[in-house]
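What follows is the content of data-v2.cif, which has mmCIF, C-alpha atoms:
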data_entry
loop_
_atom_site.group_PDB
_atom_site.id
_atom_site.type_symbol
_atom_site.label_atom_id
_atom_site.label_comp_id
_atom_site.auth_asym_id
_atom_site.auth_seq_id
_atom_site.Cartn_x
_atom_site.Cartn_y
_atom_site.Cartn_z
ATOM 1 C CA ALA O 13 -55.438 -58.535 12.184
ATOM 2 C CA GLN O 14 -57.389 -56.581 9.610
ATOM 3 C CA SER O 15 -59.371 -57.676 6.566
ATOM 4 C CA VAL O 16 -61.532 -56.067 3.916
ATOM 5 C CA THR O 17 -64.463 -57.343 1.880
ATOM 6 C CA GLN O 18 -65.591 -55.569 -1.257
ATOM 7 C CA LEU O 19 -69.012 -56.607 -2.462
ATOM 8 C CA GLY O 20 -69.211 -56.869 -6.221
ATOM 9 C CA SER O 21 -66.153 -57.377 -8.371
ATOM 10 C CA HIS O 22 -67.861 -55.480 -11.212
ATOM 11 C CA VAL O 23 -70.298 -52.572 -10.982
ATOM 12 C CA SER O 24 -71.940 -50.844 -13.954
ATOM 13 C CA VAL O 25 -73.645 -47.476 -13.764
ATOM 14 C CA SER O 26 -74.987 -45.058 -16.337
ATOM 15 C CA GLU O 27 -73.251 -41.757 -16.842
ATOM 16 C CA GLY O 28 -74.790 -39.273 -14.421
ATOM 17 C CA ALA O 29 -76.063 -41.960 -12.051
ATOM 18 C CA LEU O 30 -75.074 -42.503 -8.440
ATOM 19 C CA VAL O 31 -71.928 -44.536 -7.831
ATOM 20 C CA LEU O 32 -71.938 -46.798 -4.770
ATOM 21 C CA LEU O 33 -69.049 -49.158 -4.115
ATOM 22 C CA ARG O 34 -69.331 -51.246 -0.981
ATOM 23 C CA CYS O 35 -66.611 -52.038 1.516
ATOM 24 C CA ASN O 36 -66.812 -53.801 4.858
ATOM 25 C CA TYR O 37 -63.845 -54.221 7.136
ATOM 26 C CA SER O 38 -62.790 -56.269 10.099
ATOM 27 C CA SER O 39 -60.341 -54.941 12.637
ATOM 28 C CA SER O 40 -59.580 -55.749 16.259
ATOM 29 C CA VAL O 41 -58.304 -52.207 16.850
ATOM 30 C CA PRO O 42 -59.475 -48.783 15.646
ATOM 31 C CA PRO O 43 -58.861 -48.807 11.913
ATOM 32 C CA TYR O 44 -57.561 -46.435 9.349
ATOM 33 C CA LEU O 45 -59.509 -46.860 6.103
ATOM 34 C CA PHE O 46 -58.584 -45.994 2.540
ATOM 35 C CA TRP O 47 -59.947 -46.036 -0.968
ATOM 36 C CA TYR O 48 -57.502 -46.258 -3.864
ATOM 37 C CA VAL O 49 -58.211 -46.041 -7.583
ATOM 38 C CA GLN O 50 -56.281 -47.727 -10.377
ATOM 39 C CA TYR O 51 -56.639 -46.581 -13.958
ATOM 40 C CA PRO O 52 -55.520 -48.953 -16.729
ATOM 41 C CA ASN O 53 -51.757 -49.457 -16.853
ATOM 42 C CA GLN O 54 -51.203 -47.125 -13.921
ATOM 43 C CA GLY O 55 -50.334 -47.573 -10.263
ATOM 44 C CA LEU O 56 -52.879 -47.188 -7.500
ATOM 45 C CA GLN O 57 -53.492 -43.680 -6.232
ATOM 46 C CA LEU O 58 -55.186 -42.537 -3.050
ATOM 47 C CA LEU O 59 -58.785 -41.312 -3.399
ATOM 48 C CA LEU O 60 -59.471 -40.622 0.264
ATOM 49 C CA LYS O 61 -58.743 -41.818 3.757
ATOM 50 C CA TYR O 62 -60.345 -41.950 7.188
ATOM 51 C CA THR O 63 -58.205 -41.772 10.292
ATOM 52 C CA THR O 64 -60.045 -39.987 13.075
ATOM 53 C CA GLY O 65 -62.596 -37.222 13.449
ATOM 54 C CA ALA O 66 -65.359 -36.584 10.952
ATOM 55 C CA THR O 67 -66.795 -39.847 9.692
ATOM 56 C CA LEU O 68 -67.726 -38.459 6.272
ATOM 57 C CA VAL O 69 -64.553 -37.919 4.293
ATOM 58 C CA LYS O 70 -64.238 -36.258 0.942
ATOM 59 C CA GLY O 71 -61.680 -37.196 -1.643
ATOM 60 C CA ILE O 72 -60.587 -36.271 -5.106
ATOM 61 C CA ASN O 73 -62.815 -36.232 -8.179
ATOM 62 C CA GLY O 74 -66.027 -35.754 -6.179
ATOM 63 C CA PHE O 75 -65.866 -39.048 -4.296
ATOM 64 C CA GLU O 76 -66.695 -39.389 -0.624
ATOM 65 C CA ALA O 77 -66.989 -42.204 1.902
ATOM 66 C CA GLU O 78 -68.572 -42.556 5.308
ATOM 67 C CA PHE O 79 -67.077 -44.517 8.168
ATOM 68 C CA LYS O 80 -69.840 -46.381 10.008
ATOM 69 C CA LYS O 81 -68.397 -48.182 12.991
ATOM 70 C CA SER O 82 -71.666 -49.906 13.910
ATOM 71 C CA GLU O 83 -71.871 -51.406 10.432
ATOM 72 C CA THR O 84 -68.095 -51.871 9.994
ATOM 73 C CA SER O 85 -68.499 -50.246 6.604
ATOM 74 C CA PHE O 86 -66.707 -47.651 4.521
ATOM 75 C CA HIS O 87 -68.728 -47.386 1.312
ATOM 76 C CA LEU O 88 -67.558 -45.107 -1.505
ATOM 77 C CA THR O 89 -70.056 -42.854 -3.261
ATOM 78 C CA LYS O 90 -70.222 -40.225 -5.960
ATOM 79 C CA PRO O 91 -73.494 -38.467 -6.810
ATOM 80 C CA SER O 92 -73.015 -38.426 -10.572
ATOM 81 C CA ALA O 93 -70.788 -40.799 -12.515
ATOM 82 C CA HIS O 94 -68.534 -39.532 -15.263
ATOM 83 C CA MET O 95 -66.992 -41.570 -18.050
ATOM 84 C CA SER O 96 -63.562 -40.812 -16.621
ATOM 85 C CA ASP O 97 -64.499 -42.631 -13.388
ATOM 86 C CA ALA O 98 -64.195 -46.004 -15.129
ATOM 87 C CA ALA O 99 -61.385 -47.727 -13.229
ATOM 88 C CA GLU O 100 -60.747 -50.304 -10.539
ATOM 89 C CA TYR O 101 -61.314 -49.260 -6.938
ATOM 90 C CA PHE O 102 -59.668 -50.822 -3.919
ATOM 91 C CA CYS O 103 -60.717 -50.478 -0.303
ATOM 92 C CA ALA O 104 -57.954 -50.918 2.258
ATOM 93 C CA VAL O 105 -57.521 -51.015 6.027
ATOM 94 C CA SER O 106 -54.704 -50.696 8.498
ATOM 95 C CA ALA O 107 -54.444 -50.504 12.230
ATOM 96 C CA SER O 108 -54.204 -46.984 13.570
ATOM 97 C CA GLY O 109 -50.752 -45.601 14.187
ATOM 98 C CA GLY O 110 -47.879 -44.900 11.869
ATOM 99 C CA TYR O 111 -46.565 -47.339 9.247
ATOM 100 C CA GLN O 112 -48.965 -50.158 9.930
ATOM 101 C CA LYS O 113 -49.403 -52.900 7.339
ATOM 102 C CA VAL O 114 -52.094 -52.023 4.804
ATOM 103 C CA THR O 115 -54.488 -54.808 3.769
ATOM 104 C CA PHE O 116 -56.387 -54.463 0.500
ATOM 105 C CA GLY O 117 -59.709 -55.759 -0.746
ATOM 106 C CA THR O 118 -60.062 -57.626 -4.024
ATOM 107 C CA GLY O 119 -61.140 -54.552 -5.934
ATOM 108 C CA THR O 120 -64.257 -53.436 -7.802
ATOM 109 C CA LYS O 121 -64.162 -52.583 -11.487
ATOM 110 C CA LEU O 122 -66.453 -49.694 -12.255
ATOM 111 C CA GLN O 123 -67.916 -49.471 -15.745
ATOM 112 C CA VAL O 124 -69.664 -46.250 -16.768
ATOM 113 C CA ILE O 125 -72.178 -46.628 -19.567
ATOM 114 C CA PRO O 126 -72.802 -43.605 -21.778
ATOM 115 C CA SER B 20 -46.048 -37.207 -3.383
ATOM 116 C CA ALA B 21 -43.178 -39.377 -4.577
ATOM 117 C CA VAL B 22 -42.875 -40.491 -8.187
ATOM 118 C CA ILE B 23 -41.992 -44.160 -8.632
ATOM 119 C CA SER B 24 -40.526 -45.714 -11.756
ATOM 120 C CA GLN B 25 -40.545 -49.459 -12.238
ATOM 121 C CA LYS B 26 -38.666 -51.499 -14.811
ATOM 122 C CA PRO B 27 -39.532 -53.584 -16.725
ATOM 123 C CA SER B 28 -43.139 -52.619 -17.248
ATOM 124 C CA ARG B 29 -43.838 -56.084 -18.580
ATOM 125 C CA ASP B 30 -41.948 -59.227 -19.495
ATOM 126 C CA ILE B 31 -42.510 -62.751 -20.690
ATOM 127 C CA CYS B 32 -40.215 -65.303 -19.097
ATOM 128 C CA GLN B 33 -39.505 -68.986 -19.344
ATOM 129 C CA ARG B 34 -40.148 -71.400 -16.511
ATOM 130 C CA GLY B 35 -37.121 -71.860 -14.249
ATOM 131 C CA THR B 36 -35.531 -68.482 -14.969
ATOM 132 C CA SER B 37 -35.285 -65.451 -12.692
ATOM 133 C CA LEU B 38 -36.255 -61.824 -13.257
ATOM 134 C CA THR B 39 -35.215 -58.726 -11.339
ATOM 135 C CA ILE B 40 -37.618 -55.803 -11.089
ATOM 136 C CA GLN B 41 -36.222 -52.368 -10.343
ATOM 137 C CA CYS B 42 -37.936 -49.603 -8.413
ATOM 138 C CA GLN B 43 -36.595 -46.044 -8.459
ATOM 139 C CA VAL B 44 -38.091 -43.252 -6.345
ATOM 140 C CA ASP B 45 -37.519 -39.564 -7.008
ATOM 141 C CA SER B 46 -37.023 -38.766 -3.315
ATOM 142 C CA GLN B 47 -35.536 -40.439 -0.290
ATOM 143 C CA VAL B 48 -37.953 -42.706 1.542
ATOM 144 C CA THR B 49 -37.579 -44.831 4.624
ATOM 145 C CA MET B 50 -39.933 -47.675 3.870
ATOM 146 C CA MET B 51 -40.573 -49.409 0.561
ATOM 147 C CA PHE B 52 -43.043 -52.186 -0.007
ATOM 148 C CA TRP B 53 -43.400 -54.862 -2.651
ATOM 149 C CA TYR B 54 -46.888 -56.112 -3.501
ATOM 150 C CA ARG B 55 -48.220 -58.765 -5.837
ATOM 151 C CA GLN B 56 -51.487 -58.188 -7.693
ATOM 152 C CA GLN B 57 -53.070 -61.288 -9.151
ATOM 153 C CA PRO B 58 -56.216 -61.169 -11.315
ATOM 154 C CA GLY B 59 -59.353 -61.305 -9.216
ATOM 155 C CA GLN B 60 -57.397 -61.206 -5.985
ATOM 156 C CA SER B 61 -56.414 -58.486 -3.594
ATOM 157 C CA LEU B 62 -53.022 -56.867 -3.520
ATOM 158 C CA THR B 63 -50.808 -59.026 -1.353
ATOM 159 C CA LEU B 64 -47.839 -57.634 0.525
ATOM 160 C CA ILE B 65 -44.695 -59.613 -0.230
ATOM 161 C CA ALA B 66 -42.214 -57.771 1.949
ATOM 162 C CA THR B 67 -41.186 -54.488 3.524
ATOM 163 C CA ALA B 68 -37.753 -53.177 2.586
ATOM 164 C CA ASN B 69 -35.921 -50.697 4.784
ATOM 165 C CA GLN B 70 -32.556 -49.305 3.801
ATOM 166 C CA GLY B 71 -29.702 -50.858 5.730
ATOM 167 C CA SER B 72 -31.581 -53.857 7.041
ATOM 168 C CA GLU B 73 -32.909 -57.171 5.834
ATOM 169 C CA ALA B 74 -36.313 -57.136 4.222
ATOM 170 C CA THR B 75 -39.219 -58.354 6.318
ATOM 171 C CA TYR B 76 -41.287 -60.997 4.512
ATOM 172 C CA GLU B 77 -44.964 -61.725 4.966
ATOM 173 C CA SER B 78 -46.298 -65.180 5.624
ATOM 174 C CA GLY B 79 -46.087 -67.316 2.500
ATOM 175 C CA PHE B 80 -43.156 -65.432 0.974
ATOM 176 C CA VAL B 81 -39.515 -66.388 1.478
ATOM 177 C CA ILE B 82 -36.224 -64.716 0.733
ATOM 178 C CA ASP B 83 -34.954 -67.545 -1.450
ATOM 179 C CA LYS B 84 -37.868 -67.091 -3.817
ATOM 180 C CA PHE B 85 -38.160 -63.284 -3.631
ATOM 181 C CA PRO B 86 -34.774 -61.784 -2.706
ATOM 182 C CA ILE B 87 -34.914 -58.028 -2.209
ATOM 183 C CA SER B 88 -32.167 -55.449 -2.212
ATOM 184 C CA ARG B 89 -32.369 -51.933 -0.774
ATOM 185 C CA PRO B 90 -28.958 -50.335 -1.337
ATOM 186 C CA ASN B 91 -30.046 -46.746 -0.687
ATOM 187 C CA LEU B 92 -33.023 -44.571 0.172
ATOM 188 C CA THR B 93 -34.247 -44.196 -3.424
ATOM 189 C CA PHE B 94 -33.847 -47.648 -4.965
ATOM 190 C CA SER B 95 -34.905 -51.264 -4.459
ATOM 191 C CA THR B 96 -35.031 -54.457 -6.471
ATOM 192 C CA LEU B 97 -37.222 -57.542 -6.221
ATOM 193 C CA THR B 98 -36.102 -60.759 -7.865
ATOM 194 C CA VAL B 99 -38.568 -63.495 -8.701
ATOM 195 C CA SER B 100 -36.456 -66.660 -8.705
ATOM 196 C CA ASN B 101 -36.959 -70.011 -10.400
ATOM 197 C CA MET B 102 -40.214 -68.835 -11.899
ATOM 198 C CA SER B 103 -43.252 -70.986 -12.560
ATOM 199 C CA PRO B 104 -46.533 -70.059 -14.277
ATOM 200 C CA GLU B 105 -48.031 -69.452 -10.823
ATOM 201 C CA ASP B 106 -45.704 -66.446 -10.501
ATOM 202 C CA SER B 107 -47.463 -64.717 -13.390
ATOM 203 C CA SER B 108 -48.730 -61.542 -11.812
ATOM 204 C CA ILE B 109 -48.295 -57.802 -11.546
ATOM 205 C CA TYR B 110 -45.612 -56.797 -9.073
ATOM 206 C CA LEU B 111 -45.950 -53.365 -7.516
ATOM 207 C CA CYS B 112 -43.439 -51.218 -5.696
ATOM 208 C CA SER B 113 -44.792 -48.702 -3.216
ATOM 209 C CA VAL B 114 -43.541 -46.215 -0.665
ATOM 210 C CA ALA B 115 -45.092 -44.793 2.460
ATOM 211 C CA ARG B 116 -45.884 -41.117 2.681
ATOM 212 C CA ASP B 117 -46.035 -39.357 6.000
ATOM 213 C CA THR B 118 -49.289 -37.630 6.692
ATOM 214 C CA ASP B 119 -50.392 -35.334 9.483
ATOM 215 C CA SER B 120 -52.533 -38.127 10.850
ATOM 216 C CA GLY B 121 -49.688 -40.661 10.812
ATOM 217 C CA ALA B 122 -51.584 -42.947 8.440
ATOM 218 C CA ASN B 123 -49.561 -45.160 6.138
ATOM 219 C CA VAL B 124 -50.561 -43.621 2.814
ATOM 220 C CA LEU B 125 -48.997 -45.520 -0.059
ATOM 221 C CA THR B 126 -47.785 -44.291 -3.415
ATOM 222 C CA PHE B 127 -47.448 -46.976 -6.088
ATOM 223 C CA GLY B 128 -45.442 -47.492 -9.210
ATOM 224 C CA ALA B 129 -47.258 -48.530 -12.390
ATOM 225 C CA GLY B 130 -46.292 -52.137 -11.818
ATOM 226 C CA SER B 131 -44.382 -54.839 -13.648
ATOM 227 C CA ARG B 132 -46.583 -57.357 -15.450
ATOM 228 C CA LEU B 133 -44.868 -60.724 -15.496
ATOM 229 C CA THR B 134 -45.984 -63.682 -17.608
ATOM 230 C CA VAL B 135 -44.274 -67.033 -17.107
ATOM 231 C CA LEU B 136 -44.618 -69.657 -19.819
#
Would you give me this structure, written as structure tokens?
Amino acid sequence: AQSVTQLGSHVSVSEGALVLLRCNYSSSVPPYLFWYVQYPNQGLQLLLKYTTGATLVKGINGFEAEFKKSETSFHLTKPSAHMSDAAEYFCAVSASGGYQKVTFGTGTKLQVIP
Amino acid sequence: SAVISQKPSRDICQRGTSLTIQCQVDSQVTMMFWYRQQPGQSLTLIATANQGSEATYESGFVIDKFPISRPNLTFSTLTVSNMSPEDSSIYLCSVARDTDSGANVLTFGAGSRLTVL
């Protein structure tokens, strides 16, 4: 079984500051890891994913995440926050292989302060 | 990626009634998923709906409470039956998108926000 823990239900950063959203996972098999973003009144959309290969993955809107197996982490970062980044971010995990059940974290709401 | 339309976008219902949520996809998809999103909690998978077969329910969810239909490859419905205030939530339809890596990448509808009084 897989599970995800997101530290911090709310994170506030100043515009232009580093964004760091934390995610730790638990999985008994090699995981696939995802970050999704949800803007107000919209469905979730994929930011980035890790499956195999390079552990640093780049996504849309300047976000990236690094898979660290030894730390069971998949933290999301962006060097410089923009007002448009204000949204809720969900980390998710599945077992490797096609069409495996995806398990989501509880989400982190990012506030960007001008 | 697929475009998903959900109806209704929101509704207020009375205790004891039932509501059917519709999910329409603009392309044919094999697997559709229904999730529940409660405030402060993670998205919880209710069931997986494949065309031509019975939906597969996750632990804690039963067909009598959440009957699902999947009549074709572009449409599904989720009914929330005999509602109580505890059913107040956002219900999300999603579909799986094939990727080169084989990962189960999900595309979501905007959700149906249900309030039960």
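Atom pair atom CA of O:Gly28 / atom CA of O:Lys90: separated by 9.7 Å.
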Can you pull out every residue within 9 Å of stretch 38-50 of chain B, counting only C-alpha atoms, but drop anything in the same chain fewer than 3 positions away, and send it as a PyMOL selection string? (chain O and resi 111) or (chain B and resi 21-28+30+32+67-70+91-102+110-116+128+131+133)
Neighbours of chain O in chain B at 7 Å, counting only C-alpha atoms, as number ranges by chain: B: 59-62, 120-123, 126-130
Fewer than 2 positions away in the same chain doesn't count, so skip those; otherwise give me all residues within 10 Å of O:Lys70, counting all atoms listed in the file, as a PyMOL selection string. chain O and resi 59-62+67-68+72-78+88-90
Find the smallest box with edges along x, y and z containing every listed atom of stretch 96-108 of chain B, then add 6 Å on each side and report centre and edge lengths in Å to one decimal, as JSON.
{"center_x": -41.9, "center_y": -62.7, "center_z": -10.2, "size_x": 25.7, "size_y": 28.5, "size_z": 20.1}
Find the residues around B:Pro104 up to 10 Å (all atoms listed in the file counted), leave out those fewer than 5 positions away in its own chain, and share them as a count of residues only. 8
Could you tell me how far atom CA of B:Leu64 sits from atom CA of O:Gln14, in Å to one decimal place?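 Atom-to-atom, atom CA of O:Gln14 and atom CA of B:Leu64 are spaced 13.2 Å apart.
When atom CA of B:Ser20 is paired with atom CA of B:Tyr54, their separation reads 18.9 Å.
For the file at hand, the PyMOL selection byres ((chain O and resi 40) around 8) resolves to Ala13, Gln14, Ser38, Ser39, Val41 and Pro42 of chain O.
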Among the residues O:Pro91, O:Pro126, O:Gly65, O:Gly71, the one that comes closest to O:Leu30 [using all atoms listed in the file]: O:Pro91
Polymer residues at most 10 Å from O:Gln123, all atoms listed in the file, same-chain spacing of 5 or more positions, as a list in words: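 Those residues are His22, Val23, Ser24, Val25, Ser26, Glu27, Ala93, His94, Met95, Ser96, Asp97, Ala98, Ala99 and Glu100 of chain O.
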I'd like to know which of B:Ile87, B:Val81, B:Glu105, B:Arg132 is closest to B:Trp53, using only C-alpha atoms.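 The closest residue to B:Trp53 is B:Ile87.
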Could you check which of O:Ser85, O:Ala29, O:Gly20, O:Ser92 is closest to O:Lys121, using all atoms listed in the file? O:Gly20
For a quick check of your reading of the model, name the residues lying within 7 Å of the coordinate (-67.4, -51.9, 4.0), counting only C-alpha atoms, and write them as a PyMOL selection string. chain O and resi 17-18+34-37+84-87
Neighbours of B:Gly79 within 12 Å (only C-alpha atoms; same-chain residues fewer than 3 positions away dropped), as a JSON list (two decimals) with C-alpha atoms, keeping the file's coordinate frame?
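Final output, around_21.json:
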[["chain", "number", "residue", "atom", "x", "y", "z"],
["B", 63, "THR", "CA", -50.81, -59.03, -1.35],
["B", 64, "LEU", "CA", -47.84, -57.63, 0.52],
["B", 65, "ILE", "CA", -44.70, -59.61, -0.23],
["B", 66, "ALA", "CA", -42.21, -57.77, 1.95],
["B", 75, "THR", "CA", -39.22, -58.35, 6.32],
["B", 76, "TYR", "CA", -41.29, -61.00, 4.51],
["B", 82, "ILE", "CA", -36.22, -64.72, 0.73],
["B", 83, "ASP", "CA", -34.95, -67.54, -1.45],
["B", 84, "LYS", "CA", -37.87, -67.09, -3.82],
["B", 85, "PHE", "CA", -38.16, -63.28, -3.63]]
